[in-house]
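Enquirer: The structure follows.
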Amino acid sequence: MCEAEKLGRAVSPLLAWYRENKRDLPWRRDCTPYSTLVSELMLQQTRVEAVKERYVAFMRRFPTAETLAAASEEEVLKAWEGLGYYSRARNLHKAAKIIAAEGFPQTWVGVRALPGVGDYTAGAISSIALGLPAPAVDGNVLRILTRFFADPRNIDDQTAKKHFSALLSGVYPPQAGEFTQALMELGAIVCVPNGAPMCGACPWSGLCKAHAEGREEDFPVHGEKRSRKLEELDVYVLKCGDAYALEKRGKGLLSGLYGFPLVERGGPSPAEGELLAEKRAKHVFTHIEWHMTGRLVEVPARTAGYLWATAAEIAERYALPSAFKAFRIWLK
Ligand code: SF4
């Protein structure tokens, strides 16, 4: 049996399993093209559990593309607080302005052209929101399919993505959105990435080659891992009365967001004052790790060049990135 035929036979059991077993997630209720765009951008590089509450609050605040388009960037970043990767929020804001002016695109190409939307997200939105037979292939789908076929190709190689996208395109059923979500769901709750897959609960257990050979954990095959770059930093929480110094970050990581002043480890302190507390913390980005020493320093006067804000103002107005979370306890 050829690969396409084998995968074609796996479609119906997967759809039936999904209808019985899907989790009740907020973006699966009353889904519209706009709400799918919001949830898919939030879910990029972020766990479902972390997105759930933020999604509900965001949709309450900005229920339509028009309401989001009319908001200021600061309001949008504030509503995104805690989700990280803030460029997604800026892209979503830009996309909402395009949709408010031109309507929601009706083709994969149109969806792919929206800011912040790559091939995977375009496939997810096109199939879930528009019903188009467009595959959404990410690491989860690659894991399931390489196990299903016991396929040893390196999934970090773009050709693997192309191969499985083409294969999936050939078997997409009319229930395109359900099929995309069923694949995602199988990868999330049964054919899981960490630890042994739960083959006993899998609708593909009778079809899956890796399972038949008892080699589930031999797949997927990865290329060599790139290690993260370590950055050693000193973070200064400067306090003057009840106000704290914030700086808007320039180019690079967390660009355009407010954060505490930081310098390379051992660099000069941005202001003289009394050291009140010190603690170490770590934050992991995709390719960089920050190893930080935080210092709470009471300064006699508000140093120029910073925005000074009280703890309440920071909580209300400024989206402080989670990289600085460990030092928020000093804001009183
Ligand atoms: S049978 Fe097991 S390894 Fe194969 S797809 Fe299902 S959960 Fe994954």
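Letters A, B, ... mark the chains of the structure tokens in the order given; residue numbers begin at 1 per chain; ligand numbers begin at 1, in order shown.
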With a distance cut-off of 9 Å and only C-alpha atoms, select the neighbouring residues of A:Ser165, excluding the residue or stretch itself and same-chain residues fewer than 4 positions from it, and output the selection as a list in words.
Expert: Ala134, Pro135, Ala136, Val137, Ala160, Lys161, Ser169 and Gly170 of chain A
Enquirer: Name the residues, by chain letter and number, that sit within 10 Å of ligand 1 using only C-alpha atoms and all ligand atoms, and give them as an MDAnalysis selection string.
Expert: chainID A and resid 141 143:150 183 186:187 189:193 196:220
Enquirer: Keeping only C-alpha atoms, write the selected residues to a file as a compact mmCIF listing (two decimals), in the first residue's frame.
Expert:
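As written to disk, out-v3.txt reads:
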# COMPACT_ATOMS: atom_id res chain seq x y z
CA VAL A 141 2.18 16.72 13.12
CA ARG A 143 6.07 13.59 15.11
CA ILE A 144 2.76 11.79 14.55
CA LEU A 145 3.38 11.17 10.87
CA THR A 146 6.98 10.00 11.19
CA ARG A 147 5.77 7.52 13.82
CA PHE A 148 2.81 6.50 11.71
CA PHE A 149 5.11 5.66 8.78
CA ALA A 150 8.21 4.80 10.90
CA LEU A 183 -4.16 16.01 14.08
CA LEU A 186 -3.74 13.63 18.66
CA GLY A 187 -0.28 15.18 19.01
CA ILE A 189 -2.98 14.31 24.17
CA VAL A 190 -2.09 10.88 22.74
CA CYS A 191 0.99 10.84 20.51
CA VAL A 192 2.75 13.13 22.97
CA PRO A 193 6.23 14.65 22.62
CA ALA A 196 5.89 7.36 25.78
CA PRO A 197 2.93 7.90 23.45
CA MET A 198 -0.39 6.47 24.63
CA CYS A 199 -0.84 4.02 21.78
CA GLY A 200 -3.57 2.12 23.63
CA ALA A 201 -5.82 5.18 23.29
CA CYS A 202 -4.82 5.99 19.70
CA PRO A 203 -7.23 5.61 16.78
CA TRP A 204 -4.22 4.70 14.62
CA SER A 205 -2.83 1.91 16.79
CA GLY A 206 -3.81 -0.73 14.19
CA LEU A 207 -2.26 1.26 11.32
CA CYS A 208 0.88 2.81 12.83
CA LYS A 209 4.16 1.25 11.71
CA ALA A 210 6.27 2.48 14.63
CA HIS A 211 3.73 0.97 17.05
CA ALA A 212 3.62 -2.33 15.16
CA GLU A 213 7.41 -2.51 15.43
CA GLY A 214 7.51 -1.30 19.05
CA ARG A 215 9.72 1.61 17.95
CA GLU A 216 7.46 4.56 18.82
CA GLU A 217 10.21 6.39 20.66
CA ASP A 218 12.70 6.08 17.79
CA PHE A 219 10.70 8.81 16.04
CA PRO A 220 10.83 11.64 15.24
Enquirer: Give the answer as one residue: which of A:Phe58, A:Tyr258, A:Tyr306, A:Tyr86 has the shortest atom-to-atom distance to A:Leu238, using only C-alpha atoms?
Expert: A:Tyr306
Enquirer: Any idea what's packed within 10 Å of A:Ala129, counting only C-alpha atoms, ignoring anything in its chain fewer than 6 positions away? Could you give it as number ranges by chain?
Expert: A: 31-37, 106, 123, 176-177
Enquirer: Would you save the residues of that selection, restricted to C-alpha atoms, as an mmCIF file, in the first residue's frame?
Expert:
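The new file again.cif reads:
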data_model
loop_
_atom_site.group_PDB
_atom_site.id
_atom_site.type_symbol
_atom_site.label_atom_id
_atom_site.label_comp_id
_atom_site.auth_asym_id
_atom_site.auth_seq_id
_atom_site.Cartn_x
_atom_site.Cartn_y
_atom_site.Cartn_z
ATOM 1 C CA CYS A 31 -15.112 30.206 16.244
ATOM 2 C CA THR A 32 -14.883 32.908 13.578
ATOM 3 C CA PRO A 33 -12.012 33.695 11.183
ATOM 4 C CA TYR A 34 -10.918 36.552 13.484
ATOM 5 C CA SER A 35 -11.096 34.462 16.676
ATOM 6 C CA THR A 36 -9.119 31.701 14.943
ATOM 7 C CA LEU A 37 -6.455 34.220 13.944
ATOM 8 C CA GLN A 106 -10.722 34.063 1.686
ATOM 9 C CA GLY A 123 -2.859 26.281 7.031
ATOM 10 C CA ALA A 176 -10.992 20.283 6.736
ATOM 11 C CA GLY A 177 -11.084 22.229 10.003
#
Enquirer: Go through A:Leu114, A:Leu331, A:Leu168, A:Ala188 one by one, measure the shortest atom-to-atom distance of each to A:Asn140 using only C-alpha atoms, and give the residue with the smallest value.
Expert: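 Closest candidate: A:Ala188.
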Enquirer: Please provide the set of residues having any atom within 9 Å of A:Ile288, restricted to only C-alpha atoms, with same-chain residues fewer than 2 positions apart removed, written as a PyMOL selection string.
Expert: chain A and resi 227-231+283-286+290
Enquirer: Name the residues in contact with A:Arg302 at a cut-off of 10 Å, using only C-alpha atoms, excluding same-chain residues fewer than 4 positions from it; report them as a ChimeraX atom specification.
Expert: /A:238-241,243-245,271,306-308
Enquirer: In Å, rounded to a single decimal, give me how far atom CA of A:Glu3 is from atom CA of A:Pro173.
Expert: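 Pair atom CA of A:Pro173 / atom CA of A:Glu3 returns 16.4 Å.
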Enquirer: For A:Pro261, which of A:Thr121, A:Thr67, A:Thr303, A:Thr46 is the closest residue, counting only C-alpha atoms?
Expert: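 With only C-alpha atoms as the atom set, the closest residue is A:Thr303.
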Enquirer: Provide the atom CA of A:Val237 to atom CA of A:Pro321 distance in Å, to one decimal place.
Expert: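 So the answer is 14.1 Å.
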Enquirer: Quick one: everything within 9 Å of A:Leu132, counting only C-alpha atoms, minus sequence neighbours fewer than 4 positions away in the same chain. Send it as number ranges by chain.
Expert: A: 107-108, 123, 125-128, 172, 174-177
Enquirer: Can you pull out the residues contacting stretch 19-25 of chain A? Cut-off 8 Å, using only C-alpha atoms, and skip same-chain residues under 3 positions away; I want them as a list of chain:residue names.
Expert: A:Leu15, A:Ala16, A:Arg28, A:Arg29, A:Lys52, A:Ala182, A:Glu185
Enquirer: Write the residues of the selection above to a file with N, CA and C atoms, as a compact mmCIF listing (two decimals), in the first residue's frame.
Expert:
# COMPACT_ATOMS: atom_id res chain seq x y z
N LEU A 15 -11.03 11.27 12.59
CA LEU A 15 -12.15 12.21 12.77
C LEU A 15 -13.13 11.69 13.82
N ALA A 16 -13.41 10.39 13.76
CA ALA A 16 -14.35 9.80 14.73
C ALA A 16 -13.78 9.93 16.15
N ARG A 28 -12.56 26.84 20.53
CA ARG A 28 -13.35 25.90 19.72
C ARG A 28 -14.83 26.23 19.81
N ARG A 29 -15.20 27.14 20.72
CA ARG A 29 -16.60 27.55 20.82
C ARG A 29 -16.76 28.79 19.95
N LYS A 52 -5.30 29.70 27.42
CA LYS A 52 -6.75 29.65 27.67
C LYS A 52 -7.32 30.93 28.26
N ALA A 182 -7.99 17.66 14.61
CA ALA A 182 -7.84 16.28 15.08
C ALA A 182 -6.35 15.89 15.12
N GLU A 185 -4.82 17.63 18.02
CA GLU A 185 -5.27 17.04 19.27
C GLU A 185 -4.58 15.71 19.55
